[in-house]
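Source file: start-v7.txt (compact mmCIF, C-alpha atoms)
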# COMPACT_ATOMS: atom_id res chain seq x y z
CA MET A 1 107.61 114.31 60.71
CA SER A 2 105.93 111.88 63.13
CA SER A 3 105.85 112.51 66.87
CA PRO A 4 108.48 110.74 68.96
CA ARG A 5 107.08 107.65 70.67
CA VAL A 6 107.71 107.36 74.41
CA LEU A 7 106.87 104.59 76.89
CA VAL A 8 106.32 105.52 80.55
CA ALA A 9 106.48 102.33 82.65
CA SER A 10 105.69 102.15 86.36
CA ALA A 11 107.54 99.56 88.44
CA PHE A 12 105.33 100.04 91.50
CA GLU A 13 103.39 102.93 93.04
CA ALA A 14 102.04 101.54 96.31
CA GLU A 15 99.41 99.43 94.51
CA LEU A 16 97.67 102.61 93.39
CA GLN A 17 97.04 103.89 89.89
CA PRO A 18 100.51 105.30 89.07
CA LEU A 19 100.01 109.05 89.51
CA THR A 20 103.68 110.03 89.17
CA SER A 21 103.91 108.15 85.89
CA ALA A 22 100.67 109.74 84.68
CA CYS A 23 102.04 113.22 85.44
CA ALA A 24 105.30 112.52 83.59
CA ALA A 25 103.32 111.18 80.64
CA ALA A 26 101.10 114.26 80.54
CA ALA A 27 104.11 116.57 80.58
CA LEU A 28 105.65 114.75 77.62
CA GLN A 29 102.35 114.89 75.73
CA GLN A 30 102.33 118.65 76.18
CA HIS A 31 105.60 118.75 74.24
CA GLY A 32 104.33 116.69 71.34
CA ALA A 33 105.33 113.16 72.32
CA ASP A 34 103.14 110.16 71.53
CA VAL A 35 103.08 108.48 74.95
CA VAL A 36 102.14 104.93 75.95
CA GLY A 37 101.65 104.04 79.62
CA TRP A 38 102.31 100.66 81.26
CA ASP A 39 101.71 99.63 84.86
CA ALA A 40 104.23 96.79 84.95
CA HIS A 41 103.19 95.87 88.50
CA LEU A 42 99.48 95.42 87.79
CA LEU A 43 99.97 94.01 84.28
CA PRO A 44 103.46 92.48 84.21
CA ASP A 45 102.84 90.41 81.08
CA ALA A 46 101.21 93.16 79.02
CA ILE A 47 104.44 94.63 77.67
CA PRO A 48 103.48 97.25 75.06
CA GLU A 49 104.35 96.77 71.43
CA GLY A 50 107.34 98.83 70.32
CA PRO A 51 109.29 100.39 68.95
CA PHE A 52 109.83 103.38 71.24
CA ASP A 53 112.24 106.27 70.84
CA LEU A 54 112.56 106.65 74.63
CA THR A 55 111.45 104.65 77.67
CA LEU A 56 111.01 106.13 81.14
CA VAL A 57 110.86 103.78 84.13
CA SER A 58 109.30 105.08 87.35
CA VAL A 59 110.78 103.77 90.64
CA GLN A 60 108.99 105.43 93.55
CA GLN A 61 109.00 102.97 96.49
CA PHE A 62 111.41 100.47 98.02
CA GLU A 63 109.10 97.63 97.02
CA GLY A 64 109.61 98.65 93.40
CA LEU A 65 113.40 98.89 93.58
CA GLU A 66 114.43 95.44 92.43
CA ARG A 67 111.44 95.40 90.06
CA GLY A 68 112.64 98.70 88.63
CA ILE A 69 116.12 97.29 87.96
CA ALA A 70 114.59 94.26 86.24
CA LEU A 71 112.12 96.43 84.32
CA ALA A 72 114.86 98.76 83.04
CA ARG A 73 116.83 95.76 81.84
CA ARG A 74 113.72 94.21 80.27
CA VAL A 75 112.68 97.26 78.27
CA SER A 76 116.26 97.88 77.19
CA GLU A 77 116.43 94.39 75.74
CA ALA A 78 112.92 94.57 74.27
CA TYR A 79 113.23 97.91 72.48
CA GLY A 80 116.96 98.52 72.11
CA THR A 81 116.48 102.21 72.74
CA THR A 82 117.32 104.88 75.33
CA VAL A 83 116.12 103.97 78.83
CA VAL A 84 115.87 106.59 81.58
CA THR A 85 114.67 106.01 85.15
CA PHE A 86 113.15 108.46 87.63
CA GLY A 87 111.73 108.52 91.15
CA GLN A 88 113.24 108.79 94.61
CA TYR A 89 114.55 105.23 94.78
CA ALA A 90 116.12 105.51 91.34
CA GLN A 91 117.87 108.68 92.53
CA MET A 92 119.15 107.12 95.77
CA ASN A 93 120.41 104.05 93.87
CA HIS A 94 121.71 105.82 90.76
CA ARG A 95 124.94 103.79 90.61
CA GLU A 96 123.03 100.52 90.37
CA PHE A 97 120.55 101.93 87.86
CA LEU A 98 123.33 103.22 85.61
CA GLU A 99 124.30 99.58 85.08
CA VAL A 100 120.97 98.90 83.35
CA ALA A 101 119.79 102.33 82.18
CA ASP A 102 121.25 105.17 80.11
CA GLY A 103 120.37 107.89 82.59
CA ILE A 104 118.64 108.74 85.88
CA ILE A 105 116.53 111.87 86.29
CA MET A 106 117.72 113.65 89.46
CA GLU A 107 114.77 116.06 89.36
CA GLU A 108 111.01 116.02 88.88
CA PRO A 109 110.56 114.71 85.31
CA GLU A 110 107.91 117.32 84.47
CA LEU A 111 110.50 120.08 84.89
CA ILE A 112 112.67 118.65 82.10
CA SER A 113 109.87 117.19 79.96
CA GLU A 114 110.63 119.50 77.02
CA GLU A 115 114.22 118.25 76.86
CA LEU A 116 113.07 114.63 77.30
CA ALA A 117 110.74 115.06 74.32
CA GLN A 118 113.63 116.51 72.33
CA LEU A 119 115.79 113.54 73.38
CA ALA A 120 113.10 111.17 72.11
CA ALA A 121 112.89 113.13 68.86
CA GLY A 122 116.65 112.89 68.42
CA THR A 123 117.19 116.65 68.34
CA ILE A 124 119.41 116.73 71.46
CA ALA A 125 121.88 114.24 72.93
CA LEU A 126 121.55 112.39 76.23
CA ASP A 127 124.20 114.53 77.91
CA ALA A 128 122.35 117.73 76.94
CA VAL A 129 119.34 117.00 79.18
CA PRO A 130 119.41 119.01 82.45
CA ALA A 131 119.48 117.05 85.72
CA LEU A 132 120.01 113.76 83.87
CA MET A 133 122.78 111.70 85.44
CA THR A 134 124.64 109.53 82.96
CA ARG A 135 127.84 107.51 83.15
CA THR A 136 129.77 110.65 82.18
CA GLY A 137 128.22 113.05 84.70
CA MET A 138 125.22 115.35 85.02
CA ARG A 139 124.19 118.74 83.70
CA PRO A 140 122.87 121.25 86.29
CA LYS A 141 119.23 121.15 87.35
CA PRO A 142 116.81 123.67 85.81
CA PRO A 143 115.45 126.57 87.89
CA ARG A 144 112.95 125.41 90.51
CA ARG A 145 109.32 125.98 89.58
CA ARG A 146 106.00 124.37 90.34
CA ILE A 147 104.96 121.10 88.73
CA SER A 148 102.36 121.97 86.12
CA VAL A 149 100.48 119.65 83.77
CA THR A 150 97.10 120.13 82.13
CA ARG A 151 96.02 117.03 84.02
CA PRO A 152 97.75 113.69 84.69
CA ALA A 153 97.34 111.21 81.83
CA ARG A 154 95.48 108.61 83.90
CA ASP A 155 93.74 107.36 80.76
CA LEU A 156 97.04 105.69 79.74
CA PHE A 157 96.75 103.33 82.72
CA PRO A 158 94.07 100.90 83.95
CA SER A 159 90.98 102.41 85.58
CA LEU A 160 90.95 102.95 89.34
CA VAL A 161 88.47 100.12 89.82
CA HIS A 162 91.16 97.58 88.87
CA TYR A 163 93.31 98.56 91.89
CA PRO A 164 92.20 97.07 95.24
CA ALA A 165 93.84 99.94 97.13
CA HIS A 166 91.37 102.38 95.58
CA HIS A 167 88.42 100.62 97.24
CA SER A 168 88.31 102.27 100.67
CA PRO A 169 85.88 102.32 103.61
CA PHE A 170 84.78 105.71 102.23
CA GLY A 171 84.04 104.37 98.74
CA LEU A 172 86.08 104.63 95.56
CA MET A 173 89.22 106.56 96.50
CA GLY A 174 91.14 108.89 94.22
CA ASN A 175 94.86 109.49 94.85
CA ILE A 176 95.88 113.11 94.37
CA GLU A 177 98.99 115.06 95.28
CA ALA A 178 99.78 118.71 95.97
CA SER A 179 103.52 118.40 96.61
CA ARG A 180 106.48 116.02 96.54
CA GLY A 181 109.22 115.85 99.11
CA CYS A 182 108.95 117.07 102.70
CA HIS A 183 110.35 120.02 104.60
CA HIS A 184 110.98 117.85 107.67
CA LYS A 185 114.11 115.74 108.16
CA CYS A 186 113.09 112.63 110.08
CA THR A 187 116.20 110.46 109.95
CA TYR A 188 114.49 107.15 109.11
CA CYS A 189 112.47 108.53 106.19
CA SER A 190 113.16 107.79 102.53
CA VAL A 191 111.61 111.11 101.50
CA TYR A 192 114.31 112.92 103.50
CA GLY A 193 116.90 110.59 101.98
CA ALA A 194 115.82 111.59 98.46
CA TYR A 195 114.80 115.22 98.91
CA ASP A 196 117.05 116.39 101.80
CA GLY A 197 114.25 118.58 103.15
CA GLY A 198 113.31 119.98 99.75
CA VAL A 199 109.77 120.32 98.40
CA ALA A 200 108.44 120.34 94.85
CA ALA A 201 104.94 121.85 94.85
CA TYR A 202 102.29 121.43 92.18
CA ASP A 203 100.47 124.27 90.54
CA ALA A 204 97.06 124.32 92.25
CA ASP A 205 95.22 124.28 88.90
CA SER A 206 96.94 120.99 88.02
CA VAL A 207 95.81 119.37 91.28
CA LEU A 208 92.26 120.62 90.81
CA ALA A 209 92.17 119.37 87.21
CA ASP A 210 93.24 115.94 88.40
CA ALA A 211 90.64 115.87 91.16
CA LEU A 212 87.93 116.87 88.70
CA GLN A 213 88.82 114.08 86.28
CA LEU A 214 88.69 111.63 89.18
CA ALA A 215 85.27 113.01 90.11
CA GLU A 216 84.12 112.27 86.57
CA GLU A 217 84.92 108.61 87.28
CA GLY A 218 82.68 108.67 90.35
CA VAL A 219 85.28 109.44 93.02
CA ARG A 220 83.97 111.34 96.04
CA HIS A 221 86.71 110.37 98.50
CA PHE A 222 90.19 111.73 97.89
CA CYS A 223 93.50 110.76 99.47
CA PHE A 224 96.31 113.31 99.29
CA ILE A 225 99.37 111.08 98.97
CA ASP A 226 101.81 113.88 99.81
CA ALA A 227 104.40 112.81 102.38
CA GLU A 228 103.39 116.00 104.21
CA PHE A 229 100.07 117.69 103.40
CA PHE A 230 101.19 120.90 105.09
CA ASN A 231 104.26 121.35 102.92
CA SER A 232 102.01 124.22 101.87
CA ARG A 233 99.39 125.77 104.14
CA THR A 234 97.44 127.00 101.11
CA ILE A 235 97.61 124.68 98.08
CA GLY A 236 95.79 121.67 99.52
CA ILE A 237 93.15 123.69 101.34
CA GLY A 238 92.56 125.83 98.26
CA VAL A 239 92.11 122.75 96.06
CA VAL A 240 89.60 121.23 98.49
CA GLU A 241 87.58 124.45 98.64
CA ARG A 242 87.45 124.73 94.85
CA LEU A 243 86.62 121.03 94.49
CA VAL A 244 83.69 121.22 96.91
CA GLU A 245 82.44 124.29 95.07
CA ALA A 246 82.69 122.48 91.72
CA ILE A 247 81.19 119.06 92.53
CA GLY A 248 79.53 119.29 95.94
CA PRO A 249 80.17 117.29 99.13
CA ILE A 250 83.30 115.14 99.29
CA THR A 251 85.39 113.36 101.91
CA PHE A 252 89.18 113.24 102.01
CA GLU A 253 92.25 112.29 104.03
CA PHE A 254 95.94 113.13 104.16
CA THR A 255 99.20 112.60 106.05
CA THR A 256 100.78 115.12 108.40
CA ARG A 257 102.92 115.30 111.52
CA VAL A 258 101.77 115.37 115.12
CA ASP A 259 103.09 118.90 115.65
CA HIS A 260 100.98 120.15 112.74
CA VAL A 261 97.89 118.57 114.30
CA LEU A 262 98.64 120.67 117.37
CA ASP A 263 99.68 123.88 115.59
CA TYR A 264 97.25 124.05 112.64
CA THR A 265 94.00 123.75 114.55
CA LYS A 266 92.16 126.48 112.65
CA GLU A 267 93.15 124.96 109.31
CA LEU A 268 92.06 121.51 110.49
CA GLU A 269 88.72 122.81 111.73
CA LYS A 270 88.17 124.36 108.31
CA LEU A 271 89.16 121.12 106.58
CA VAL A 272 86.77 119.07 108.73
CA SER A 273 83.96 121.39 107.64
CA LEU A 274 84.94 120.60 104.04
CA GLY A 275 84.91 116.81 104.52
CA LEU A 276 88.16 115.77 106.23
CA ARG A 277 87.68 112.33 107.76
CA ARG A 278 91.10 110.87 108.48
CA VAL A 279 94.63 112.11 109.13
CA THR A 280 97.52 109.65 109.08
CA CYS A 281 100.32 110.45 111.53
CA ALA A 282 103.61 108.57 111.80
CA LEU A 283 103.97 108.19 115.57
CA GLU A 284 106.84 105.63 115.35
CA PHE A 285 106.94 104.61 119.04
CA PRO A 286 105.93 106.08 122.42
CA SER A 287 109.50 106.55 123.63
CA ASN A 288 111.15 109.95 123.86
CA ARG A 289 114.52 108.30 123.26
CA ILE A 290 113.38 106.72 119.97
CA LEU A 291 111.73 109.98 118.92
CA ARG A 292 115.02 111.83 119.46
CA ILE A 293 116.94 109.29 117.38
CA PHE A 294 114.38 109.74 114.59
CA ASP A 295 114.64 113.53 114.94
CA LYS A 296 110.84 113.85 115.13
CA HIS A 297 110.84 117.06 117.21
CA ILE A 298 107.92 115.72 119.25
CA ASP A 299 107.60 113.76 122.48
CA VAL A 300 105.12 111.24 123.87
CA ASP A 301 103.05 113.97 125.52
CA HIS A 302 102.60 115.58 122.10
CA MET A 303 101.20 112.28 120.83
CA ARG A 304 98.59 112.19 123.60
CA GLU A 305 97.67 115.81 122.96
CA ALA A 306 97.25 115.12 119.24
CA VAL A 307 94.88 112.22 119.93
CA ASP A 308 92.76 114.49 122.12
CA GLU A 309 92.87 117.33 119.59
CA ALA A 310 91.77 115.06 116.74
CA GLU A 311 88.76 113.94 118.77
CA ARG A 312 87.89 117.53 119.63
CA ILE A 313 88.15 118.78 116.06
CA GLY A 314 86.32 115.79 114.60
CA PHE A 315 88.63 113.63 112.49
CA GLU A 316 90.15 110.18 112.97
CA LEU A 317 93.84 110.17 113.80
CA TYR A 318 95.19 107.07 112.07
CA PRO A 319 98.61 106.14 113.49
CA THR A 320 101.52 104.23 112.01
CA PHE A 321 104.38 102.85 114.07
CA ILE A 322 107.88 101.39 113.78
CA PRO A 323 108.11 99.45 117.04
CA PHE A 324 111.12 97.30 116.08
CA THR A 325 114.33 99.33 115.91
CA PRO A 326 117.91 98.63 117.04
CA TRP A 327 117.40 100.87 120.10
CA ILE A 328 114.11 99.63 121.50
CA GLU A 329 114.08 97.84 124.86
CA TYR A 330 112.28 94.55 125.28
CA GLU A 331 110.19 95.81 128.20
CA GLU A 332 109.04 98.79 126.12
CA LEU A 333 107.73 96.47 123.44
CA LEU A 334 105.79 94.46 126.01
CA GLY A 335 104.03 97.61 127.20
CA PHE A 336 103.26 98.98 123.73
CA GLU A 337 99.80 97.42 123.37
CA ASP A 338 98.81 98.69 126.82
CA TRP A 339 99.76 102.21 125.70
CA LEU A 340 97.60 101.84 122.60
CA VAL A 341 94.62 100.85 124.75
CA GLU A 342 95.28 103.67 127.22
CA THR A 343 95.34 106.33 124.47
CA GLY A 344 92.38 104.88 122.56
CA LEU A 345 94.56 104.18 119.51
CA ALA A 346 94.12 100.40 119.76
CA ARG A 347 90.77 100.62 117.94
CA VAL A 348 92.31 102.29 114.86
CA THR A 349 95.82 100.80 114.79
CA ASP A 350 96.28 98.12 112.14
CA PRO A 351 97.51 94.86 113.73
CA THR A 352 100.39 94.66 111.26
CA ALA A 353 101.78 97.91 112.70
CA LEU A 354 102.76 95.91 115.79
CA GLN A 355 105.45 94.10 113.78
CA THR A 356 106.80 96.88 111.56
CA ARG A 357 110.61 96.82 111.50
CA LEU A 358 112.89 99.73 110.68
CA LEU A 359 114.12 99.60 107.08
CA LEU A 360 117.66 100.85 106.60
CA PHE A 361 117.53 101.52 102.87
CA LYS A 362 120.67 102.53 100.99
CA GLY A 363 120.81 106.30 101.32
CA SER A 364 119.17 106.33 104.74
CA PRO A 365 120.47 109.24 106.84
CA LEU A 366 120.54 106.86 109.81
CA LEU A 367 123.39 104.88 108.29
CA SER A 368 125.79 107.77 108.97
CA SER A 369 124.32 108.44 112.41
CA PRO A 370 126.41 107.86 115.58
CA TRP A 371 123.43 105.87 116.89
CA MET A 372 124.45 103.07 114.50
CA GLU A 373 128.02 102.71 115.78
CA ASP A 374 127.43 99.68 118.00
CA ILE A 375 124.70 98.01 115.94
CA ALA A 376 125.50 94.73 114.15
CA THR A 377 124.72 95.16 110.44
CA VAL A 378 125.08 93.26 107.16
CA ASP A 379 125.03 94.91 103.73
CA ARG A 380 122.23 93.33 101.67
CA GLY A 381 122.70 95.41 98.54
CA PHE A 382 119.76 97.82 98.43
CA TRP A 383 119.36 97.77 102.20
CA VAL A 384 121.31 97.12 105.39
CA GLU A 385 120.14 94.37 107.73
CA TRP A 386 120.47 95.09 111.44
CA THR A 387 120.31 92.78 114.45
CA HIS A 388 119.12 93.84 117.89
CA PRO A 389 121.61 93.16 120.71
CA ASP A 390 118.79 91.62 122.80
CA LYS A 391 117.83 88.23 121.36
CA ARG A 392 114.40 88.51 122.99
CA VAL A 393 113.57 91.47 120.74
CA GLU A 394 114.43 89.45 117.63
CA GLU A 395 112.37 86.50 118.88
CA LEU A 396 109.39 88.75 119.60
CA TRP A 397 109.62 90.26 116.12
CA GLN A 398 109.63 86.83 114.53
CA GLU A 399 106.59 85.87 116.60
CA ARG A 400 104.64 88.99 115.69
CA ARG A 401 105.71 88.82 112.08
CA THR A 402 104.35 85.28 111.82
CA ASP A 403 101.04 86.32 113.38
CA ALA A 404 100.61 89.52 111.36
CA GLU A 405 98.45 89.53 108.26
CA ASP A 406 99.57 91.38 105.13
CA ALA A 407 102.95 92.14 106.70
CA GLY A 408 104.62 95.15 105.15
CA LYS A 409 101.43 96.69 103.75
CA ILE A 410 101.29 99.46 106.32
CA ARG A 411 103.35 102.60 105.78
CA CYS A 412 103.29 106.12 107.14
CA CYS A 413 102.64 107.36 103.62
CA VAL A 414 102.85 105.94 100.10
CA LYS A 415 106.33 107.36 99.60
CA CYS A 416 108.55 104.88 101.43
Re-express the file's structure as structure tokens.
Amino acid sequence: MSSPRVLVASAFEAELQPLTSACAAAALQQHGADVVGWDAHLLPDAIPEGPFDLTLVSVQQFEGLERGIALARRVSEAYGTTVVTFGQYAQMNHREFLEVADGIIMEEPELISEELAQLAAGTIALDAVPALMTRTGMRPKPPRRRISVTRPARDLFPSLVHYPAHHSPFGLMGNIEASRGCHHKCTYCSVYGAYDGGVAAYDADSVLADALQLAEEGVRHFCFIDAEFFNSRTIGIGVVERLVEAIGPITFEFTTRVDHVLDYTKELEKLVSLGLRRVTCALEFPSNRILRIFDKHIDVDHMREAVDEAERIGFELYPTFIPFTPWIEYEELLGFEDWLVETGLARVTDPTALQTRLLLFKGSPLLSSPWMEDIATVDRGFWVEWTHPDKRVEELWQERRTDAEDAGKIRCCVKC
């Protein structure tokens, strides 16, 4: 009997080689599936030759949402077979995806990969797969365990060198991940919207195996794309230590919160000694009122302290901001650039961050917040458009948006 043939198609993964798709593909391979990978963002016209017994469509970011809907419809028409979507934006928009797909995975796909392989082989029915939402309901999720694959099947996708985002100031960059989700609950964040404060950690051996295969391609700078590097205080650090021991000197970067910069000083000092160069922190805006609305559990003084601590320890604190929100005051926006100069962040803040506007995606916890009660909004399908009560704020945003280069390319992490 031949192996079931499965297509794993990525709608969009932040213009990086699609790691989540590569992990799902590897998990299916471990259960005997013959897997084909397709980055439909990088190579939209290179639709693989069928037939396929099962197609999985990965929808990880907002930018891939409408593409994911179109991709699910396209592969359904092309192959006439079972189509299943996965990823945080597929989960948060499951009603819309059930109009074009047969099911949505409401869990990490690796944790149900055995059942997905059986579905492709025709030995179990669609409604027998755990955590798979269909038009008739959903079976319970499997017990929580760590994500474990021999190593992500990156060879099914184009080489890193074909992705501009992998060419960094530190050289060829490899995207690795030690966890999904985030244990924090910042109200504007899509990771909170999808995971509700939950975390799915990788087995450390899987992360190391991925880093080593990237090193074989010449990578010596690694970017942990976790929404929160310190979801675990041990996995990431342990991987870096083992990686340095295996291949020698490296550099790396990750994303974490301001309060972790202040609280995890010993860990950060250790990481700098291992090659840490940059830490991305979502600062949002230097206003204690805005920080309370976003439920950041920090204040503006904490931001200043984190900048000083980063300089003391020896890494670059790379900030991201959301200056345009329904609650900002016009005068605060006018003083924002002065604050950046005062703190020294002006030299590392991307100019496009000055025009970033709050995205109210469907599923955003902010939509049910009392802070939204007096805000004018319009439902745009996958997102909710808001209008600031002060026309000057809207005019300033339009002005900065026009001036900004590569608008929308800057994000606090690659998860939104």
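Atom CA of Ser232 of chain A sits 12.3 Å away from atom CA of Gly198 of chain A.
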Interatomic distance, atom CA of Arg151 of chain A to atom CA of Glu108 of chain A (Å, one decimal)
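Separating atom CA of Arg151 of chain A from atom CA of Glu108 of chain A is a distance of 15.8 Å.
Of note, atom CA of Gly50 of chain A and atom CA of His31 of chain A are spaced 20.4 Å apart.
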- Message: Env of His162 of chain A: 10 Å cut, atoms = only C-alpha atoms, seq-sep filter 4 positions within chain, self excluded. Answer as a VMD selection string.
- Response: chain A and resid 16 to 17 42 158 166 to 167
Exercise. Counting all atoms listed in the file, note down every residue that has an atom within 6 Å of the point (105.6, 112.1, 101.3) (file coordinates), as a PyMOL selection string.
Key: chain A and resi 181+226-228+415
Hey, can you spit out that residue selection with C-alpha atoms as a short mmCIF file (atom, residue, chain, number, x, y, z; two decimals), keeping the file's coordinate frame?
data_model
loop_
_atom_site.label_atom_id
_atom_site.label_comp_id
_atom_site.auth_asym_id
_atom_site.auth_seq_id
_atom_site.Cartn_x
_atom_site.Cartn_y
_atom_site.Cartn_z
CA GLY A 181 109.22 115.85 99.11
CA ASP A 226 101.81 113.88 99.81
CA ALA A 227 104.40 112.81 102.38
CA GLU A 228 103.39 116.00 104.21
CA LYS A 415 106.33 107.36 99.60
#
Generate the missing atoms of segment 217-232 of chain A up to N, CA, C and O atoms and report them as a compact mmCIF listing (two decimals), keeping the file's coordinate frame.
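Contents of part_34.txt, as written:
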# COMPACT_ATOMS: atom_id res chain seq x y z
N GLU A 217 84.96 110.07 87.20
CA GLU A 217 84.92 108.61 87.28
C GLU A 217 84.09 108.12 88.46
O GLU A 217 83.97 106.92 88.70
N GLY A 218 83.52 109.04 89.22
CA GLY A 218 82.68 108.67 90.35
C GLY A 218 83.35 108.78 91.70
O GLY A 218 82.75 108.43 92.72
N VAL A 219 84.57 109.29 91.74
CA VAL A 219 85.28 109.44 93.02
C VAL A 219 84.67 110.57 93.83
O VAL A 219 84.46 111.68 93.32
N ARG A 220 84.39 110.30 95.11
CA ARG A 220 83.97 111.34 96.04
C ARG A 220 84.80 111.32 97.33
O ARG A 220 84.56 112.12 98.23
N HIS A 221 85.77 110.39 97.39
CA HIS A 221 86.71 110.37 98.50
C HIS A 221 88.12 110.47 97.94
O HIS A 221 88.51 109.66 97.09
N PHE A 222 88.86 111.45 98.42
CA PHE A 222 90.19 111.73 97.89
C PHE A 222 91.24 111.53 98.97
O PHE A 222 91.05 111.92 100.13
N CYS A 223 92.36 110.93 98.56
CA CYS A 223 93.50 110.76 99.47
C CYS A 223 94.68 111.55 98.92
O CYS A 223 95.19 111.24 97.84
N PHE A 224 95.08 112.59 99.64
CA PHE A 224 96.31 113.31 99.29
C PHE A 224 97.48 112.42 99.68
O PHE A 224 97.66 112.11 100.86
N ILE A 225 98.26 112.00 98.70
CA ILE A 225 99.37 111.08 98.97
C ILE A 225 100.67 111.80 99.25
O ILE A 225 101.74 111.18 99.33
N ASP A 226 100.63 113.12 99.42
CA ASP A 226 101.81 113.88 99.81
C ASP A 226 102.42 113.27 101.07
O ASP A 226 101.70 112.87 102.00
N ALA A 227 103.74 113.24 101.14
CA ALA A 227 104.40 112.81 102.38
C ALA A 227 104.03 113.74 103.53
O ALA A 227 103.97 113.32 104.68
N GLU A 228 103.78 115.01 103.21
CA GLU A 228 103.39 116.00 104.21
C GLU A 228 102.38 116.97 103.57
O GLU A 228 102.76 117.77 102.72
N PHE A 229 101.12 116.85 103.97
CA PHE A 229 100.07 117.69 103.40
C PHE A 229 100.37 119.17 103.61
O PHE A 229 100.10 120.01 102.75
N PHE A 230 100.93 119.50 104.78
CA PHE A 230 101.19 120.90 105.09
C PHE A 230 102.59 121.36 104.65
O PHE A 230 103.14 122.29 105.24
N ASN A 231 103.13 120.72 103.60
CA ASN A 231 104.26 121.35 102.92
C ASN A 231 103.87 122.75 102.48
O ASN A 231 104.71 123.66 102.39
N SER A 232 102.60 122.91 102.16
CA SER A 232 102.01 124.22 101.87
C SER A 232 100.76 124.38 102.72
O SER A 232 99.96 123.45 102.81
